[in-house]
>>> print(open('target-v2.cif').read())   # mmCIF, C-alpha atoms
data_coords
loop_
_atom_site.label_atom_id
_atom_site.label_comp_id
_atom_site.auth_asym_id
_atom_site.auth_seq_id
_atom_site.Cartn_x
_atom_site.Cartn_y
_atom_site.Cartn_z
CA MET Y 1039 -34.99 -4.84 -25.17
CA GLY Y 1040 -33.36 -1.52 -24.44
CA GLY Y 1041 -33.47 1.72 -26.33
CA LEU Y 1042 -35.04 5.07 -25.58
CA ASN Y 1043 -38.63 3.85 -25.16
CA SER Y 1044 -37.63 1.15 -22.71
CA TYR Y 1045 -35.66 3.69 -20.71
CA VAL Y 1046 -38.65 6.07 -20.62
CA ASP Y 1047 -40.91 3.21 -19.49
CA ALA Y 1048 -38.51 2.45 -16.65
CA VAL Y 1049 -38.37 6.12 -15.62
CA ASN Y 1050 -42.17 6.35 -15.56
CA ALA Y 1051 -42.45 3.14 -13.54
CA ASP Y 1052 -40.06 4.62 -10.99
CA ARG Y 1053 -42.05 7.88 -10.89
CA ARG Y 1054 -45.27 5.98 -10.23
CA TYR Y 1055 -43.56 4.04 -7.46
CA ARG Y 1056 -42.55 7.36 -5.89
CA GLY Y 1057 -46.10 8.70 -6.15
CA ILE Y 1058 -45.38 11.15 -8.99
CA ASP Y 1059 -48.43 11.34 -11.23
CA ASP Y 1060 -46.89 13.19 -14.19
CA THR Y 1061 -45.11 11.00 -16.73
CA VAL Y 1062 -42.32 11.85 -19.14
CA ALA Y 1063 -42.36 11.14 -22.86
CA ALA Y 1064 -39.68 10.25 -25.39
CA LEU Y 1065 -38.96 13.08 -27.80
CA ASN Y 1066 -38.13 11.76 -31.25
CA VAL Y 1067 -36.03 14.17 -33.30
CA ASP Y 1068 -35.60 14.32 -37.04
CA PRO Y 1069 -32.86 12.10 -38.49
CA TRP Y 1070 -29.50 13.59 -39.43
CA PRO Y 1071 -30.18 15.05 -42.89
CA THR Y 1072 -28.38 13.88 -46.00
CA GLY Y 1073 -27.31 17.47 -46.66
CA ALA Y 1074 -24.69 17.10 -43.96
CA ASP Y 1075 -22.76 14.73 -46.24
CA VAL Y 1076 -22.04 17.36 -48.93
CA ARG Y 1077 -18.43 18.06 -47.99
CA ASP Y 1078 -16.13 18.44 -50.97
CA ASP Y 1079 -17.98 21.15 -52.88
CA PRO Y 1080 -15.57 24.10 -53.32
CA GLN Y 1081 -18.50 26.52 -53.01
CA VAL Y 1082 -19.40 25.38 -49.49
CA VAL Y 1083 -18.00 27.11 -46.41
CA PHE Y 1084 -18.80 25.33 -43.15
CA LEU Y 1085 -18.91 28.26 -40.77
CA GLU Y 1086 -18.07 26.21 -37.69
CA ASP Y 1087 -14.85 24.95 -39.34
CA SER Y 1088 -11.60 26.88 -39.30
CA GLY Y 1089 -10.23 28.48 -42.44
CA GLU Y 1090 -7.54 25.80 -42.52
CA VAL Y 1091 -10.13 23.00 -42.55
CA ASN Y 1092 -12.16 24.65 -45.32
CA ARG Y 1093 -9.03 25.34 -47.37
CA HIS Y 1094 -7.94 21.69 -47.24
CA ARG Y 1095 -11.44 20.60 -48.19
CA TRP Y 1096 -11.38 22.88 -51.25
CA GLU Y 1097 -7.96 21.52 -52.25
CA ARG Y 1098 -9.32 17.98 -52.13
CA ALA Y 1099 -12.29 19.05 -54.24
CA ALA Y 1100 -9.98 20.69 -56.82
CA ALA Y 1101 -7.78 17.58 -56.96
CA ALA Y 1102 -10.84 15.41 -57.54
CA VAL Y 1103 -11.68 17.36 -60.73
CA GLY Y 1104 -8.16 17.52 -62.08
CA GLY Y 1105 -6.84 20.56 -60.28
CA SER Y 1106 -9.51 23.06 -61.25
CA SER Y 1107 -12.59 24.17 -59.40
CA ARG Y 1108 -15.12 26.90 -59.99
CA MET Y 1109 -15.01 29.08 -56.91
CA SER Y 1110 -16.55 32.49 -56.49
CA SER Y 1111 -14.20 35.29 -55.54
CA GLY Y 1112 -15.66 35.62 -52.06
CA SER Y 1113 -14.87 32.02 -51.14
CA SER Y 1114 -11.25 32.55 -50.17
CA VAL Y 1115 -10.21 31.93 -46.58
CA LYS Y 1116 -6.91 32.94 -45.07
CA ASP Y 1117 -4.22 30.34 -44.82
CA GLY Y 1118 -3.44 28.96 -41.42
CA ASN Y 1119 -5.39 29.54 -38.25
CA ASP Y 1120 -8.31 31.97 -38.26
CA ASN Y 1121 -7.17 33.39 -34.93
CA ASP Y 1122 -4.46 35.54 -36.48
CA ASP Y 1123 -3.72 39.14 -35.55
CA ASP Y 1124 -5.83 40.60 -38.35
CA ASP Y 1125 -8.96 38.88 -37.17
CA ASN Y 1126 -8.31 39.38 -33.49
CA ASN Y 1127 -8.00 43.13 -34.00
CA ASN Y 1128 -11.54 43.06 -35.47
CA ASN Y 1129 -11.18 46.53 -36.99
CA GLY Y 1130 -13.50 46.18 -39.94
CA GLY Y 1131 -14.03 42.46 -40.29
CA GLY Y 1132 -14.70 39.22 -38.54
CA ALA Y 1133 -17.41 38.33 -36.07
CA MET Y 1134 -18.21 35.51 -33.69
CA LEU Y 1135 -21.89 34.62 -33.66
CA GLY Y 1136 -23.39 31.31 -32.63
CA GLY Y 1137 -19.93 29.78 -32.27
CA ALA Y 1138 -19.03 30.42 -35.92
CA ARG Y 1139 -16.36 32.95 -36.87
CA ILE Y 1140 -16.95 35.11 -39.93
CA SER Y 1141 -13.51 36.02 -41.26
CA SER Y 1142 -12.92 39.48 -42.72
CA SER Y 1143 -12.09 37.70 -45.99
CA SER Y 1144 -15.57 36.12 -46.08
CA LEU Y 1145 -17.78 39.20 -46.33
CA TYR Y 1146 -20.14 39.49 -49.29
CA ASN Y 1147 -21.85 42.27 -51.22
CA SER Y 1148 -25.24 40.61 -51.69
CA VAL Y 1149 -26.31 37.86 -49.28
CA ALA Y 1150 -29.52 35.85 -49.29
CA VAL Y 1151 -31.06 33.67 -46.60
CA GLY Y 1152 -34.44 31.97 -46.50
CA GLY Y 1153 -36.67 29.86 -44.30
CA THR Y 1154 -40.06 29.36 -42.74
CA PHE Y 1155 -39.04 31.20 -39.55
CA ASP Y 1156 -41.91 29.91 -37.44
CA GLY Y 1157 -41.39 30.64 -33.77
CA MET Y 1158 -38.01 32.37 -34.20
CA HIS Y 1159 -36.24 29.73 -32.09
CA TYR Y 1160 -32.49 29.54 -31.48
CA GLY Y 1161 -31.76 28.04 -34.88
CA HIS Y 1162 -33.56 30.85 -36.69
CA ARG Y 1163 -31.78 33.50 -34.66
CA LYS Y 1164 -28.42 31.85 -35.31
CA LEU Y 1165 -29.07 31.66 -39.06
CA LEU Y 1166 -30.13 35.31 -39.29
CA SER Y 1167 -27.21 36.44 -37.12
CA LEU Y 1168 -24.76 34.67 -39.41
CA ALA Y 1169 -26.45 36.19 -42.46
CA VAL Y 1170 -26.17 39.71 -41.05
CA SER Y 1171 -22.52 39.19 -40.08
CA SER Y 1172 -21.67 37.91 -43.59
CA VAL Y 1173 -22.73 41.18 -45.26
CA GLU Y 1174 -20.06 43.73 -46.16
CA PRO Y 1175 -20.70 46.30 -43.42
CA ARG Y 1176 -20.61 49.48 -45.50
CA THR Y 1177 -22.24 48.70 -48.83
CA GLY Y 1178 -23.47 45.11 -48.63
CA LYS Y 1179 -27.15 44.19 -48.72
CA LEU Y 1180 -29.23 41.35 -47.33
CA LEU Y 1181 -32.32 39.62 -48.71
CA ILE Y 1182 -34.40 37.48 -46.34
CA GLY Y 1183 -36.98 35.21 -47.92
CA VAL Y 1184 -39.85 33.89 -45.81
CA THR Y 1185 -41.76 30.88 -47.12
CA GLU Y 1186 -45.32 31.63 -48.24
CA ASP Y 1187 -48.22 29.89 -46.51
CA ASP Y 1188 -49.17 27.91 -49.63
CA MET Y 1189 -45.77 26.20 -49.67
CA LEU Y 1190 -46.26 24.86 -46.14
CA ARG Y 1191 -49.34 22.72 -46.76
CA ASN Y 1192 -47.37 19.48 -46.42
CA LYS Y 1193 -45.37 20.55 -43.36
CA SER Y 1194 -45.82 18.45 -40.24
CA PHE Y 1195 -48.17 20.13 -37.73
CA ARG Y 1196 -48.99 22.80 -40.31
CA GLU Y 1197 -51.77 24.17 -38.09
CA LEU Y 1198 -49.18 25.37 -35.57
CA ILE Y 1199 -47.24 27.51 -38.05
CA PRO Y 1200 -48.09 31.23 -37.75
CA PRO Y 1201 -49.31 33.06 -40.89
CA LEU Y 1202 -46.81 34.67 -43.26
CA GLU Y 1203 -47.33 38.23 -42.02
CA GLU Y 1204 -46.61 37.25 -38.42
CA ARG Y 1205 -43.48 35.32 -39.40
CA MET Y 1206 -42.17 38.20 -41.51
CA ARG Y 1207 -42.80 40.61 -38.65
CA GLY Y 1208 -40.85 38.36 -36.27
CA VAL Y 1209 -37.90 38.29 -38.66
CA ARG Y 1210 -37.92 42.06 -39.09
CA ASP Y 1211 -38.12 42.72 -35.36
CA PHE Y 1212 -35.20 40.40 -34.64
CA VAL Y 1213 -32.87 41.70 -37.37
CA GLU Y 1214 -33.59 45.37 -36.75
CA ASN Y 1215 -32.87 44.90 -33.05
CA LEU Y 1216 -29.73 42.89 -33.82
CA ALA Y 1217 -28.28 45.26 -36.43
CA PRO Y 1218 -30.13 48.59 -36.76
CA GLY Y 1219 -27.53 49.83 -39.26
CA ILE Y 1220 -28.58 47.29 -41.90
CA LYS Y 1221 -32.22 48.38 -41.91
CA ASN Y 1222 -31.98 50.37 -45.15
CA ARG Y 1223 -29.95 47.66 -46.90
CA MET Y 1224 -32.26 44.78 -46.03
CA ARG Y 1225 -35.32 43.40 -47.79
CA ILE Y 1226 -37.73 40.82 -46.37
CA ILE Y 1227 -39.94 39.20 -48.99
CA PRO Y 1228 -42.26 36.20 -49.28
CA ILE Y 1229 -40.90 33.35 -51.40
CA GLY Y 1230 -43.11 30.93 -53.31
CA ASP Y 1231 -40.62 28.50 -54.83
CA ALA Y 1232 -37.63 26.42 -53.78
CA TYR Y 1233 -34.93 28.85 -54.95
CA GLY Y 1234 -36.42 32.32 -54.58
CA PRO Y 1235 -34.66 35.35 -56.18
CA PRO Y 1236 -31.22 33.61 -56.32
CA GLY Y 1237 -32.79 31.28 -58.90
CA SER Y 1238 -34.27 34.06 -61.03
CA PRO Y 1239 -33.02 34.63 -64.60
CA ASP Y 1240 -33.29 38.41 -64.09
CA SER Y 1241 -29.72 39.58 -63.52
CA LYS Y 1242 -30.96 42.90 -62.10
CA LEU Y 1243 -32.72 41.08 -59.29
CA ASN Y 1244 -30.28 38.20 -59.05
CA ASP Y 1245 -26.97 39.81 -58.13
CA PHE Y 1246 -26.24 37.55 -55.15
CA ASP Y 1247 -22.82 36.20 -54.33
CA ALA Y 1248 -23.58 34.21 -51.15
CA LEU Y 1249 -26.37 32.18 -49.58
CA VAL Y 1250 -26.53 31.45 -45.85
CA LEU Y 1251 -28.18 28.16 -45.00
CA SER Y 1252 -28.18 25.32 -42.52
CA HIS Y 1253 -26.91 21.87 -43.35
CA GLU Y 1254 -30.54 20.66 -43.40
CA THR Y 1255 -31.03 22.64 -46.64
CA LEU Y 1256 -27.52 22.31 -48.05
CA LEU Y 1257 -28.62 19.95 -50.83
CA THR Y 1258 -31.14 22.56 -51.98
CA GLY Y 1259 -28.32 25.10 -52.10
CA LYS Y 1260 -26.24 22.72 -54.18
CA ARG Y 1261 -29.12 22.20 -56.62
CA LEU Y 1262 -29.57 25.98 -56.81
CA ASN Y 1263 -25.94 26.38 -57.83
CA GLU Y 1264 -26.33 23.70 -60.50
CA HIS Y 1265 -29.40 25.57 -61.78
CA ARG Y 1266 -27.49 28.87 -61.85
CA VAL Y 1267 -24.55 27.43 -63.78
CA LYS Y 1268 -26.41 25.15 -66.24
CA ASN Y 1269 -29.63 27.06 -66.86
CA LEU Y 1270 -28.88 30.69 -66.07
CA ASN Y 1271 -25.20 30.89 -67.08
CA MET Y 1272 -24.48 32.58 -63.73
CA GLU Y 1273 -21.73 32.05 -61.23
CA PRO Y 1274 -22.51 29.67 -58.38
CA LEU Y 1275 -23.10 31.18 -54.97
CA THR Y 1276 -20.82 30.67 -52.02
CA LEU Y 1277 -22.87 28.52 -49.64
CA LEU Y 1278 -22.22 29.69 -46.09
CA CYS Y 1279 -23.40 26.69 -44.11
CA THR Y 1280 -23.96 26.27 -40.41
CA ARG Y 1281 -24.29 22.77 -39.05
CA ARG Y 1282 -27.24 21.50 -37.00
CA THR Y 1283 -29.04 24.70 -36.02
CA GLU Y 1284 -30.62 23.40 -32.82
CA PRO Y 1285 -28.90 21.91 -29.79
CA HIS Y 1286 -29.59 18.18 -29.53
CA GLY Y 1287 -31.30 18.14 -32.92
CA MET Y 1288 -34.24 20.38 -31.96
CA SER Y 1289 -35.68 21.39 -35.32
CA SER Y 1290 -38.79 23.47 -35.96
CA THR Y 1291 -40.71 20.26 -36.63
CA ALA Y 1292 -39.59 18.79 -33.31
CA LEU Y 1293 -40.66 21.94 -31.47
CA ARG Y 1294 -44.08 21.90 -33.16
CA ARG Y 1295 -44.40 18.23 -32.22
CA MET Y 1296 -43.76 19.15 -28.59
CA ARG Y 1297 -46.35 21.91 -28.68
CA LYS Y 1298 -48.86 19.54 -30.28
CA SER Y 1299 -48.37 16.94 -27.57
CA GLY Y 1300 -48.20 19.47 -24.76
CA ILE Y 1301 -44.62 18.59 -23.80
CA ARG Y 1302 -42.99 21.51 -21.98
CA THR Y 1303 -39.25 21.91 -22.16
CA GLU Y 1304 -36.81 24.80 -21.98
CA ALA Y 1305 -36.25 24.47 -25.73
CA ASN Y 1306 -39.77 25.49 -26.75
CA MET Y 1307 -39.83 28.40 -24.30
CA ILE Y 1308 -36.66 30.07 -25.69
#
>>> encode(input="target-v2.cif", output="structure tokens")
Amino acid sequence: MGGLNSYVDAVNADRRYRGIDDTVAALNVDPWPTGADVRDDPQVVFLEDSGEVNRHRWERAAAAVGGSSRMSSGSSVKDGNDNDDDDNNNNGGGAMLGGARISSSSLYNSVAVGGTFDGMHYGHRKLLSLAVSSVEPRTGKLLIGVTEDDMLRNKSFRELIPPLEERMRGVRDFVENLAPGIKNRMRIIPIGDAYGPPGSPDSKLNDFDALVLSHETLLTGKRLNEHRVKNLNMEPLTLLCTRRTEPHGMSSTALRRMRKSGIRTEANMI
């Protein structure tokens, strides 16, 4: 006995007793992804963590491999607390978006971010905001990859995902309204494989130094870095990772599930 379903049954029984016809339903969310357990990779920056926490994590990773670690030059974070005078002055670096602080020492020349971007919910907006704020503001550039329709055939509730053109248009509208100044340094392209341009052997196209991703896709980012080092002889990317992108675990799949079942909540009206 007990558990969420039993609780929902009890709530509905009480509602019927009170003469309320509408019933409530249990909303099952996706399990905590295994990507969240990738912690001691020196290329990973958890954006919600302070610079001190990330620095100690990198030191543990270096110690685990005998005192050496392969870190890209953009991965450095200031010692001590991120709330120092340099960052608080905010004259040329540092931003606070979605609860995650982008230090002035963590800006990159060529940043990539990718996703399905169906519905442009809070998690999508947070991811894109962090990507924009990670780009060096004067000369940096941003590539946004949007998953092609053919790659979504096995997605849950596939029929509720808008077509590629509509999703790309939603991304462009959001980013250009968020940061008009990056318009001429941004590209939005369809992607038809797991890695996209950061996994290309063409060094002219693949000049990236950072990838923004959520912890749900962190394992894919780690595999991409392994591919870059072993197969392409390229430096690994700094993986700028934000933790669970939706409050209370509300992923795109969960939101499509709600739309499919007709459940109305504030989350799927954002």
>>> atom_distance(input="target-v2.cif", atom1="CA of Glu1203 (chain Y)", atom2="CA of Leu1275 (chain Y)")
28.4 Å
>>> residues_around(input="target-v2.cif", residues="Glu1264 (chain Y)", least_positions_apart="4", cutoff="12 Å", atoms="all atoms listed in the file", output="PyMOL selection string")
chain Y and resi 1079+1081+1108+1233+1236-1237+1257-1260+1268-1275
>>> atom_distance(input="target-v2.cif", atom1="CA of Phe1155 (chain Y)", atom2="CA of Gly1183 (chain Y)")
9.5 Å
>>> atom_distance(input="target-v2.cif", atom1="CA of Thr1185 (chain Y)", atom2="CA of Gly1153 (chain Y)")
5.9 Å
>>> residues_around(input="target-v2.cif", residues="region 1214-1216 of chain Y", least_positions_apart="3", cutoff="10 Å", atoms="all atoms listed in the file", output="list of chain:residue names")
Y:Arg1163, Y:Leu1166, Y:Ser1167, Y:Val1170, Y:Val1209, Y:Arg1210, Y:Asp1211, Y:Gly1219, Y:Ile1220, Y:Lys1221, Y:Asn1222, Y:Met1224
>>> closest_residue(input="target-v2.cif", among="Y:Val1250, Y:Arg1191, Y:Asn1050, Y:Leu1243", to="His1162 (chain Y)", atoms="all atoms listed in the file")
Y:Val1250
>>> resolve_selection(input="target-v2.cif", expression="the PyMOL selection byres ((chain Y and resi 1246) around 6)", output="PDB file with C-alpha atoms, in the frame of the given file")
ATOM      1  CA  SER Y1148     -25.240  40.610 -51.690  1.00  0.00           C
ATOM      2  CA  VAL Y1149     -26.310  37.860 -49.280  1.00  0.00           C
ATOM      3  CA  ASN Y1244     -30.280  38.200 -59.050  1.00  0.00           C
ATOM      4  CA  ASP Y1245     -26.970  39.810 -58.130  1.00  0.00           C
ATOM      5  CA  ASP Y1247     -22.820  36.200 -54.330  1.00  0.00           C
ATOM      6  CA  ALA Y1248     -23.580  34.210 -51.150  1.00  0.00           C
TER       7      ALA Y1248
END
>>> closest_residue(input="target-v2.cif", among="Y:Tyr1160, Y:Phe1212, Y:Tyr1146, Y:Phe1084", to="His1253 (chain Y)", atoms="all atoms listed in the file")
Y:Phe1084
>>> closest_residue(input="target-v2.cif", among="Y:Ile1199, Y:Val1082, Y:Val1049, Y:Ile1226", to="Val1062 (chain Y)", atoms="all atoms listed in the file")
Y:Val1049
>>> residues_around(input="target-v2.cif", residues="Pro1228 (chain Y)", least_positions_apart="6", cutoff="12 Å", atoms="all atoms listed in the file", output="ChimeraX atom specification")
/Y:1151-1155,1181-1189,1201-1207,1209,1234-1235
